[in-house]
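S.K.: query_7.cif (mmCIF, C-alpha atoms) pasted underneath:
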data_upload
loop_
_atom_site.group_PDB
_atom_site.id
_atom_site.type_symbol
_atom_site.label_atom_id
_atom_site.label_comp_id
_atom_site.auth_asym_id
_atom_site.auth_seq_id
_atom_site.Cartn_x
_atom_site.Cartn_y
_atom_site.Cartn_z
ATOM 1 C CA MET Q 261 78.579 115.532 107.175
ATOM 2 C CA THR Q 262 76.917 112.190 107.839
ATOM 3 C CA ALA Q 263 75.959 110.628 111.157
ATOM 4 C CA ALA Q 264 76.929 107.021 111.890
ATOM 5 C CA GLY Q 265 73.298 105.963 112.333
ATOM 6 C CA LYS Q 266 72.509 107.075 108.798
ATOM 7 C CA VAL Q 267 75.339 104.915 107.435
ATOM 8 C CA ILE Q 268 74.083 101.861 109.317
ATOM 9 C CA ASP Q 269 70.550 102.469 108.019
ATOM 10 C CA ASN Q 270 71.782 102.809 104.428
ATOM 11 C CA VAL Q 271 73.773 99.578 104.623
ATOM 12 C CA LEU Q 272 70.874 97.627 106.154
ATOM 13 C CA ARG Q 273 68.544 98.980 103.474
ATOM 14 C CA ALA Q 274 70.934 97.898 100.701
ATOM 15 C CA MET Q 275 71.127 94.448 102.321
ATOM 16 C CA ARG Q 276 67.347 94.331 102.803
ATOM 17 C CA ARG Q 277 67.921 93.631 106.493
ATOM 18 C CA GLU Q 278 66.341 96.761 107.960
ATOM 19 C CA GLU Q 279 64.312 94.813 110.508
ATOM 20 C CA SER Q 280 67.152 92.547 111.634
ATOM 21 C CA ALA Q 281 68.279 93.552 115.124
ATOM 22 C CA SER Q 282 71.119 91.003 115.071
ATOM 23 C CA GLU Q 283 72.444 92.329 111.746
ATOM 24 C CA ARG Q 284 72.262 95.899 113.039
ATOM 25 C CA GLU Q 285 74.269 94.895 116.116
ATOM 26 C CA ARG Q 286 76.856 93.114 113.958
ATOM 27 C CA LEU Q 287 77.234 96.155 111.709
ATOM 28 C CA TRP Q 288 77.863 98.450 114.658
ATOM 29 C CA LYS Q 289 80.639 96.134 115.844
ATOM 30 C CA ARG Q 290 82.264 96.064 112.408
ATOM 31 C CA THR Q 291 81.864 99.778 111.740
ATOM 32 C CA ASN Q 292 84.677 101.021 113.981
ATOM 33 C CA THR Q 293 87.136 98.401 112.728
ATOM 34 C CA ILE Q 294 86.586 99.441 109.117
ATOM 35 C CA TYR Q 295 86.291 103.143 109.961
ATOM 36 C CA PHE Q 296 89.688 103.192 111.689
ATOM 37 C CA GLN Q 297 91.250 101.356 108.734
ATOM 38 C CA LEU Q 298 89.934 103.972 106.314
ATOM 39 C CA CYS Q 299 91.107 106.834 108.522
ATOM 40 C CA ARG Q 300 94.624 105.401 108.664
ATOM 41 C CA GLU Q 301 94.863 105.218 104.866
ATOM 42 C CA HIS Q 302 94.890 108.969 104.181
ATOM 43 C CA SER Q 303 95.539 112.344 105.812
ATOM 44 C CA TRP Q 304 91.940 113.471 106.318
ATOM 45 C CA HIS Q 305 91.493 117.183 106.905
ATOM 46 C CA LYS Q 306 89.380 116.868 110.073
ATOM 47 C CA LEU Q 307 91.970 114.603 111.713
ATOM 48 C CA ARG Q 308 95.027 116.800 111.062
ATOM 49 C CA ARG Q 309 96.852 118.112 114.095
ATOM 50 C CA THR Q 310 100.076 120.049 114.829
ATOM 51 C CA SER Q 311 102.346 119.436 117.794
ATOM 52 C CA THR Q 312 105.700 120.824 118.938
ATOM 53 C CA ILE Q 313 108.177 118.033 119.680
ATOM 54 C CA ASP Q 314 111.128 118.838 121.956
ATOM 55 C CA PHE Q 315 114.397 117.236 120.844
ATOM 56 C CA ASN Q 316 116.631 119.117 123.264
ATOM 57 C CA SER Q 317 118.878 116.516 124.942
ATOM 58 C CA ALA Q 318 117.591 113.829 122.527
ATOM 59 C CA THR Q 319 119.627 110.691 121.813
ATOM 60 C CA SER Q 320 119.449 107.852 119.299
ATOM 61 C CA ALA Q 321 116.838 106.349 121.644
ATOM 62 C CA GLY Q 322 114.428 108.892 120.156
ATOM 63 C CA VAL Q 323 111.585 111.076 121.414
ATOM 64 C CA TRP Q 324 108.049 109.782 121.959
ATOM 65 C CA LEU Q 325 105.369 110.769 119.454
ATOM 66 C CA PRO Q 326 101.620 110.989 120.217
ATOM 67 C CA ALA Q 327 100.212 107.474 120.651
ATOM 68 C CA ASN Q 328 97.092 108.383 118.668
ATOM 69 C CA MET Q 329 99.114 109.411 115.605
ATOM 70 C CA MET Q 330 98.109 107.577 112.417
ATOM 71 C CA GLY Q 331 100.533 109.183 109.971
ATOM 72 C CA ILE Q 332 102.891 112.116 109.396
ATOM 73 C CA ASP Q 333 102.314 114.905 106.867
ATOM 74 C CA ARG Q 334 105.328 117.065 107.553
ATOM 75 C CA VAL Q 335 108.183 117.709 109.992
ATOM 76 C CA ARG Q 336 109.437 121.321 110.012
ATOM 77 C CA ASP Q 337 112.206 123.282 111.663
ATOM 78 C CA THR Q 338 110.356 126.579 111.958
ATOM 79 C CA ASP Q 339 113.339 128.456 113.438
ATOM 80 C CA ASN Q 340 115.627 127.641 110.499
ATOM 81 C CA GLY Q 341 113.007 127.371 107.754
ATOM 82 C CA PHE Q 342 113.389 123.869 106.360
ATOM 83 C CA GLU Q 343 111.731 120.460 106.381
ATOM 84 C CA TYR Q 344 113.040 117.079 107.456
ATOM 85 C CA VAL Q 345 112.849 114.309 104.860
ATOM 86 C CA ARG Q 346 111.614 110.904 105.952
ATOM 87 C CA ARG Q 347 114.010 107.994 105.631
ATOM 88 C CA ASP Q 348 114.228 104.389 106.723
ATOM 89 C CA ARG Q 349 116.033 103.707 109.989
ATOM 90 C CA ALA Q 350 118.253 101.063 108.351
ATOM 91 C CA ASP Q 351 119.271 103.325 105.447
ATOM 92 C CA GLU Q 352 122.847 104.201 106.380
ATOM 93 C CA GLU Q 353 123.632 105.920 103.075
ATOM 94 C CA PRO Q 354 120.461 107.749 102.074
ATOM 95 C CA ASP Q 355 120.122 109.469 98.702
ATOM 96 C CA GLU Q 356 118.903 112.688 100.317
ATOM 97 C CA ASP Q 357 121.658 115.086 101.358
ATOM 98 C CA GLY Q 358 119.565 117.121 103.765
ATOM 99 C CA TYR Q 359 118.112 116.929 107.235
ATOM 100 C CA ARG Q 360 116.218 113.697 107.841
ATOM 101 C CA TYR Q 361 114.070 111.886 110.366
ATOM 102 C CA TYR Q 362 113.022 108.325 110.985
ATOM 103 C CA THR Q 363 110.499 106.683 113.284
ATOM 104 C CA PHE Q 364 110.381 103.296 114.977
ATOM 105 C CA THR Q 365 108.374 101.395 117.572
ATOM 106 C CA GLY Q 366 109.600 102.759 120.874
ATOM 107 C CA SER Q 367 109.083 99.805 123.194
ATOM 108 C CA THR Q 368 107.915 96.215 123.272
ATOM 109 C CA THR Q 369 105.749 96.943 126.328
ATOM 110 C CA PRO Q 370 103.213 99.685 127.204
ATOM 111 C CA ALA Q 371 103.980 102.370 129.783
ATOM 112 C CA PHE Q 372 101.339 100.696 131.975
ATOM 113 C CA GLU Q 373 99.059 97.697 131.575
ATOM 114 C CA SER Q 374 96.486 96.147 133.876
ATOM 115 C CA VAL Q 375 94.936 92.858 132.761
ATOM 116 C CA ASP Q 376 91.683 92.968 134.744
ATOM 117 C CA GLY Q 377 91.706 96.119 136.877
ATOM 118 C CA LEU Q 378 89.724 98.555 134.698
ATOM 119 C CA ASP Q 379 86.245 99.861 135.483
ATOM 120 C CA ILE Q 380 84.650 102.510 133.271
ATOM 121 C CA SER Q 381 81.087 103.461 132.375
ATOM 122 C CA HIS Q 382 79.390 104.831 129.262
ATOM 123 C CA GLY Q 383 79.515 108.639 129.041
ATOM 124 C CA SER Q 384 82.280 109.075 131.615
ATOM 125 C CA SER Q 385 85.473 111.131 131.541
ATOM 126 C CA SER Q 386 87.245 109.252 134.342
ATOM 127 C CA PHE Q 387 88.006 105.629 135.203
ATOM 128 C CA THR Q 388 89.469 103.435 137.902
ATOM 129 C CA CYS Q 389 92.205 100.887 137.372
ATOM 130 C CA THR Q 390 93.734 98.610 139.989
ATOM 131 C CA GLY Q 391 97.497 98.965 140.240
ATOM 132 C CA LEU Q 392 97.721 102.353 138.531
ATOM 133 C CA SER Q 393 99.785 104.398 140.981
ATOM 134 C CA GLU Q 394 101.801 106.683 138.669
ATOM 135 C CA ASP Q 395 100.508 109.812 136.952
ATOM 136 C CA HIS Q 396 100.741 109.483 133.144
ATOM 137 C CA THR Q 397 99.104 112.810 132.289
ATOM 138 C CA ASP Q 398 99.313 113.690 128.544
ATOM 139 C CA GLU Q 399 99.798 110.040 127.579
ATOM 140 C CA TYR Q 400 97.045 108.099 125.760
ATOM 141 C CA VAL Q 401 94.998 105.291 127.294
ATOM 142 C CA VAL Q 402 93.079 102.414 125.669
ATOM 143 C CA PHE Q 403 90.129 100.818 127.446
ATOM 144 C CA GLY Q 404 89.726 97.077 126.998
ATOM 145 C CA SER Q 405 89.514 96.076 123.347
ATOM 146 C CA GLU Q 406 87.651 99.260 122.382
ATOM 147 C CA PRO Q 407 89.178 101.157 119.433
ATOM 148 C CA GLY Q 408 89.542 104.704 120.816
ATOM 149 C CA LEU Q 409 92.615 106.384 122.298
ATOM 150 C CA TYR Q 410 91.942 108.936 125.036
ATOM 151 C CA LYS Q 411 94.342 111.603 126.291
ATOM 152 C CA LEU Q 412 94.903 111.589 130.046
ATOM 153 C CA THR Q 413 94.259 114.991 131.635
ATOM 154 C CA SER Q 414 95.104 113.684 135.111
ATOM 155 C CA GLN Q 415 95.937 110.328 136.665
ATOM 156 C CA LEU Q 416 92.373 109.032 136.173
ATOM 157 C CA GLY Q 417 90.763 111.741 133.995
ATOM 158 C CA PHE Q 418 90.758 111.838 130.204
ATOM 159 C CA GLU Q 419 89.276 113.453 127.100
ATOM 160 C CA PRO Q 420 87.134 113.192 125.050
ATOM 161 C CA LYS Q 421 84.334 111.364 126.877
ATOM 162 C CA TYR Q 422 84.013 107.612 126.510
ATOM 163 C CA TYR Q 423 80.743 106.463 124.895
ATOM 164 C CA GLY Q 424 81.507 102.769 124.551
ATOM 165 C CA PRO Q 425 79.941 99.965 126.590
ATOM 166 C CA ASP Q 426 80.404 99.730 130.351
ATOM 167 C CA LEU Q 427 83.551 97.765 131.169
ATOM 168 C CA ALA Q 428 84.223 95.976 134.463
ATOM 169 C CA SER Q 429 87.337 94.013 135.417
ATOM 170 C CA ASP Q 430 88.789 94.642 131.961
ATOM 171 C CA ASN Q 431 92.259 95.545 130.759
ATOM 172 C CA CYS Q 432 93.673 99.080 130.672
ATOM 173 C CA THR Q 433 96.676 100.119 128.565
ATOM 174 C CA ILE Q 434 98.582 103.416 128.713
ATOM 175 C CA ARG Q 435 100.854 104.332 125.793
ATOM 176 C CA PRO Q 436 100.330 101.116 123.787
ATOM 177 C CA LYS Q 437 103.426 99.269 122.613
ATOM 178 C CA GLU Q 438 102.736 100.327 118.996
ATOM 179 C CA THR Q 439 103.546 103.952 119.926
ATOM 180 C CA GLU Q 440 106.436 105.339 117.875
ATOM 181 C CA LYS Q 441 109.542 107.369 118.605
ATOM 182 C CA MET Q 442 111.327 109.800 116.281
ATOM 183 C CA VAL Q 443 114.985 110.677 115.692
ATOM 184 C CA ILE Q 444 116.103 113.701 113.652
ATOM 185 C CA LEU Q 445 119.466 113.841 111.869
ATOM 186 C CA ASP Q 446 121.667 116.479 110.265
ATOM 187 C CA ARG Q 447 123.410 116.148 106.885
ATOM 188 C CA SER Q 448 126.234 114.145 108.447
ATOM 189 C CA GLU Q 449 123.911 111.603 110.098
ATOM 190 C CA ASN Q 450 124.438 113.100 113.546
ATOM 191 C CA VAL Q 451 121.510 112.975 115.969
ATOM 192 C CA LEU Q 452 120.212 116.497 116.601
ATOM 193 C CA ASP Q 453 119.678 117.350 120.272
ATOM 194 C CA ASP Q 454 119.391 121.131 120.333
ATOM 195 C CA ARG Q 455 115.972 122.120 118.970
ATOM 196 C CA THR Q 456 112.250 121.674 118.741
ATOM 197 C CA VAL Q 457 110.392 120.742 115.565
ATOM 198 C CA GLU Q 458 106.846 121.208 114.351
ATOM 199 C CA LEU Q 459 105.100 117.886 113.708
ATOM 200 C CA HIS Q 460 102.123 117.865 111.340
ATOM 201 C CA TYR Q 461 100.219 114.583 111.541
ATOM 202 C CA TRP Q 462 96.777 113.065 111.496
ATOM 203 C CA GLU Q 463 95.297 111.285 114.476
ATOM 204 C CA ALA Q 464 92.917 108.410 115.138
ATOM 205 C CA PRO Q 465 89.247 109.434 115.006
ATOM 206 C CA GLU Q 466 86.807 109.248 117.875
ATOM 207 C CA PRO Q 467 84.980 105.873 117.737
ATOM 208 C CA LEU Q 468 81.449 105.699 116.349
ATOM 209 C CA TYR Q 469 79.128 104.496 119.106
ATOM 210 C CA ARG Q 470 76.014 106.665 118.858
ATOM 211 C CA GLU Q 471 73.534 107.273 116.069
ATOM 212 C CA SER Q 472 74.498 110.966 116.109
ATOM 213 C CA ASP Q 473 78.291 110.491 115.954
ATOM 214 C CA ILE Q 474 79.644 112.291 112.872
ATOM 215 C CA ILE Q 475 81.953 110.599 110.354
ATOM 216 C CA VAL Q 476 85.061 112.681 109.603
ATOM 217 C CA LEU Q 477 85.439 111.497 105.989
ATOM 218 C CA PRO Q 478 84.346 114.074 103.371
ATOM 219 C CA ILE Q 479 81.650 111.637 102.192
ATOM 220 C CA SER Q 480 80.226 108.552 103.874
ATOM 221 C CA SER Q 481 80.109 106.261 100.822
ATOM 222 C CA PRO Q 482 83.612 104.716 101.325
ATOM 223 C CA LEU Q 483 82.524 103.519 104.777
ATOM 224 C CA GLU Q 484 79.091 102.355 103.565
ATOM 225 C CA LEU Q 485 80.548 100.404 100.664
ATOM 226 C CA SER Q 486 83.294 98.892 102.833
ATOM 227 C CA LEU Q 487 80.608 97.629 105.215
ATOM 228 C CA LEU Q 488 78.644 96.192 102.284
ATOM 229 C CA ILE Q 489 81.732 94.427 100.926
ATOM 230 C CA ASP Q 490 82.363 93.017 104.399
ATOM 231 C CA ALA Q 491 78.715 91.917 104.715
ATOM 232 C CA VAL Q 492 78.610 90.167 101.337
ATOM 233 C CA GLY Q 493 80.896 87.448 102.620
ATOM 234 C CA VAL Q 494 78.795 87.074 105.768
ATOM 235 C CA VAL Q 495 75.372 86.688 104.150
ATOM 236 C CA GLY Q 496 76.628 84.714 101.156
ATOM 237 C CA LYS Q 497 75.661 87.008 98.290
ATOM 238 C CA ARG Q 498 76.990 86.307 94.828
ATOM 239 C CA GLN Q 499 80.543 87.297 93.914
ATOM 240 C CA ILE Q 500 79.243 89.649 91.243
ATOM 241 C CA ALA Q 501 77.708 91.816 93.979
ATOM 242 C CA ALA Q 502 81.040 92.030 95.821
ATOM 243 C CA ASP Q 503 82.828 92.992 92.608
ATOM 244 C CA ARG Q 504 80.278 95.729 91.934
ATOM 245 C CA TYR Q 505 80.666 97.135 95.449
ATOM 246 C CA ARG Q 506 84.458 97.097 95.103
ATOM 247 C CA ALA Q 507 84.269 99.065 91.867
ATOM 248 C CA GLU Q 508 81.922 101.554 93.494
ATOM 249 C CA PHE Q 509 84.229 101.777 96.502
ATOM 250 C CA ARG Q 510 87.234 102.707 94.332
ATOM 251 C CA ALA Q 511 85.229 105.509 92.711
ATOM 252 C CA ALA Q 512 83.941 106.697 96.100
ATOM 253 C CA TRP Q 513 87.439 106.634 97.599
ATOM 254 C CA ASP Q 514 88.820 108.718 94.729
ATOM 255 C CA ARG Q 515 85.986 111.199 95.205
ATOM 256 C CA ALA Q 516 86.605 111.443 98.963
ATOM 257 C CA VAL Q 517 90.314 112.113 98.392
ATOM 258 C CA GLU Q 518 89.431 114.705 95.748
ATOM 259 C CA LEU Q 519 87.109 116.523 98.180
ATOM 260 C CA ASN Q 520 89.675 116.390 100.992
ATOM 261 C CA PRO Q 521 91.786 119.586 101.112
ATOM 262 C CA ALA Q 522 95.387 118.860 100.188
ATOM 263 C CA PHE Q 523 97.933 119.363 102.952
ATOM 264 C CA PRO Q 524 99.129 122.980 102.540
ATOM 265 C CA ARG Q 525 102.671 123.434 101.343
ATOM 266 C CA ILE Q 526 104.649 126.466 100.215
ATOM 267 C CA ALA Q 527 105.211 126.108 96.466
ATOM 268 C CA SER Q 528 108.726 127.543 96.542
ATOM 269 C CA PRO Q 529 111.912 126.106 95.005
ATOM 270 C CA ARG Q 530 114.168 124.209 97.380
ATOM 271 C CA ASP Q 531 117.773 123.058 97.168
ATOM 272 C CA ARG Q 532 119.116 119.539 97.646
ATOM 273 C CA HIS Q 533 119.056 120.057 101.413
ATOM 274 C CA ASN Q 534 115.291 120.806 101.269
ATOM 275 C CA GLN Q 535 115.936 124.441 102.184
ATOM 276 C CA LEU Q 536 114.367 127.387 100.377
ATOM 277 C CA PHE Q 537 116.526 129.037 97.747
ATOM 278 C CA SER Q 538 117.769 132.410 98.901
ATOM 279 C CA LEU Q 539 118.901 135.275 96.646
ATOM 280 C CA SER Q 540 120.819 136.864 99.480
ATOM 281 C CA GLU Q 541 124.025 135.031 98.522
ATOM 282 C CA ASN Q 542 125.864 134.763 95.232
ATOM 283 C CA ILE Q 543 125.465 131.186 93.991
ATOM 284 C CA PHE Q 544 128.414 131.559 91.587
ATOM 285 C CA GLY Q 545 131.994 131.253 92.746
ATOM 286 C CA ARG Q 546 135.130 132.866 91.339
ATOM 287 C CA ARG Q 547 137.372 130.617 89.286
ATOM 288 C CA SER Q 548 140.964 130.432 90.433
#
Could you render the structure as structure tokens?

M.R.:
Amino acid sequence: MTAAGKVIDNVLRAMRREESASERERLWKRTNTIYFQLCREHSWHKLRRTSTIDFNSATSAGVWLPANMMGIDRVRDTDNGFEYVRRDRADEEPDEDGYRYYTFTGSTTPAFESVDGLDISHGSSSFTCTGLSEDHTDEYVVFGSEPGLYKLTSQLGFEPKYYGPDLASDNCTIRPKETEKMVILDRSENVLDDRTVELHYWEAPEPLYRESDIIVLPISSPLELSLLIDAVGVVGKRQIAADRYRAEFRAAWDRAVELNPAFPRIASPRDRHNQLFSLSENIFGRRS
């Protein structure tokens, strides 16, 4: 595992800008933007999480998913032993003849937003925000324009700790408007409202602020090379250098995916409804 400071040092060395304080500062600002993009692209092992989603009394309005979710690996009905197949919300006549789910943006506005009421300091696990009167425990909060999403453990407490810059009179957003909802359907396109499902997904990483912060990717080279590609356009290097870094990035990305454990699945035959074949029933009928 590689620390963020090591990545920054490697990139500055490749750029021959090791002594440039301004370039080091610029790289730190760009690192989280690129890091979050890379984490969204693939289900990385260290970001995988499992959550139980309650659909009892659900409607077509859907059920909220975790705001820090970056992608879905699997949706399972553990009680009945089958998976839900993803489909598009607008697909009224899907090819799949089994149980399905779809997701969509749940709202055009956050659960709470304060334009200039936030105050938070580096290393803290609590904040203050003018106008925040309701308790949104278990929702996710975003501080200013910083990239992390933090889970509220109380009205003003959260985890993990915030290691970004001190913010004063900044904006605070709870359950950002990009947060998705999910609907699950049976074979007849009816909304299911009588069960819980097991959601396997991967979440947003913790931001990289400190030299010692660990990168969750299996290898650091995809992030290093992405930063170099980004820097080439800034410092005006020749196009041939950018092309070389892009080729190296593709090889590094393939290697990172290869080293990343595949999402575990049961290699058992399934029927058209995505259910496991069972030998408990006779699959042949009697001719009349």

S.K.: Residues within 10 Å of Ser381 in chain Q, please, as a list in words. Count all atoms listed in the file; anything in the same chain fewer than 2 positions from it doesn't count.

M.R.: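 So, after excluding close chain neighbours, the residues are Asp379, Gly383, Ser384, Ser385, Ser386, Phe387, Tyr422, Tyr423, Gly424, Pro425, Asp426, Leu427 and Ala428 of chain Q.
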
S.K.: Residues picked by the PyMOL selection byres ((chain Q and resi 482) around 9) here, as an NGL selection string?

M.R.: :Q and (298 or 477 or 479-481 or 483-487 or 508-513 or 516)

S.K.: So which residues touch Leu307 in chain Q within 6 Å, counting all atoms listed in the file, skipping near sequence neighbours fewer than 2 positions away, as JSON, numbers by chain?

M.R.: {"Q": [304, 305, 462, 463]}

S.K.: Tell me, as a PyMOL selection string, which residues lie within 6 Å of Asp430 in chain Q, counting all atoms listed in the file; anything in the same chain fewer than 3 positions away does not count.

M.R.: chain Q and resi 376-378+404

S.K.: Could you tell me which residues the PyMOL selection byres ((chain Q and resi 458) around 7) returns for this structure, as a list in words?

M.R.: Thr310, Ser311, Thr312, Ile313, Val335, Arg336, Asp337, Thr338, Thr456, Val457, Leu459 and His460 of chain Q

S.K.: Between CA of Asp333 in chain Q and CA of Ala464 in chain Q, what is the spacing in Å?

M.R.: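 Distance reported for this atom pair: 14.1 Å.
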
S.K.: Just how far from CA of Gly358 in chain Q is CA of Glu449 in chain Q, in Å to one decimal?

M.R.: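 Between CA of Glu449 in chain Q and CA of Gly358 in chain Q the gap works out to 9.5 Å.
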
S.K.: Rounded to one decimal place, report the CA of Pro465 in chain Q-CA of Thr262 in chain Q distance in Å.

M.R.: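 Going from CA of Pro465 in chain Q over to CA of Thr262 in chain Q, I get 14.5 Å.
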
S.K.: Counting only C-alpha atoms, which residue out of Q:Val271, Q:Leu445, Q:Val375, Q:Ala491 sits closest to Thr363 in chain Q?

M.R.: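 Of Q:Val271, Q:Leu445, Q:Val375, Q:Ala491, the one nearest Thr363 in chain Q, counting only C-alpha atoms, is Q:Leu445.
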
S.K.: Could the residues of range 424-483 of chain Q that have an atom at most 12 Å from range 345-348 of chain Q be listed as a tab-separated table, each with its closest atom pair and the distance in Å to one decimal, counting only C-alpha atoms and ordered by chain and ascending residue number?

M.R.:
residue	atom	partner	partner_atom	distance
Q:Met442	CA	Q:Arg346	CA	10.4
Q:Val443	CA	Q:Arg346	CA	10.3
Q:Ile444	CA	Q:Arg346	CA	9.3
Q:Leu445	CA	Q:Val345	CA	9.7
Q:Asp446	CA	Q:Val345	CA	10.6
Q:Arg447	CA	Q:Val345	CA	10.9
Q:Glu449	CA	Q:Arg347	CA	11.4

S.K.: Nearest residue to His302 in chain Q out of Q:Met330, Q:Ile434, Q:Asp269, Q:Val323, using all atoms listed in the file?

M.R.: Q:Met330

S.K.: Skipping near chain neighbours, those fewer than 2 positions away, what residues fall within 7 Å of Val401 in chain Q using all atoms listed in the file, listed as a ChimeraX atom specification?

M.R.: /Q:399,403,409-412,433-435
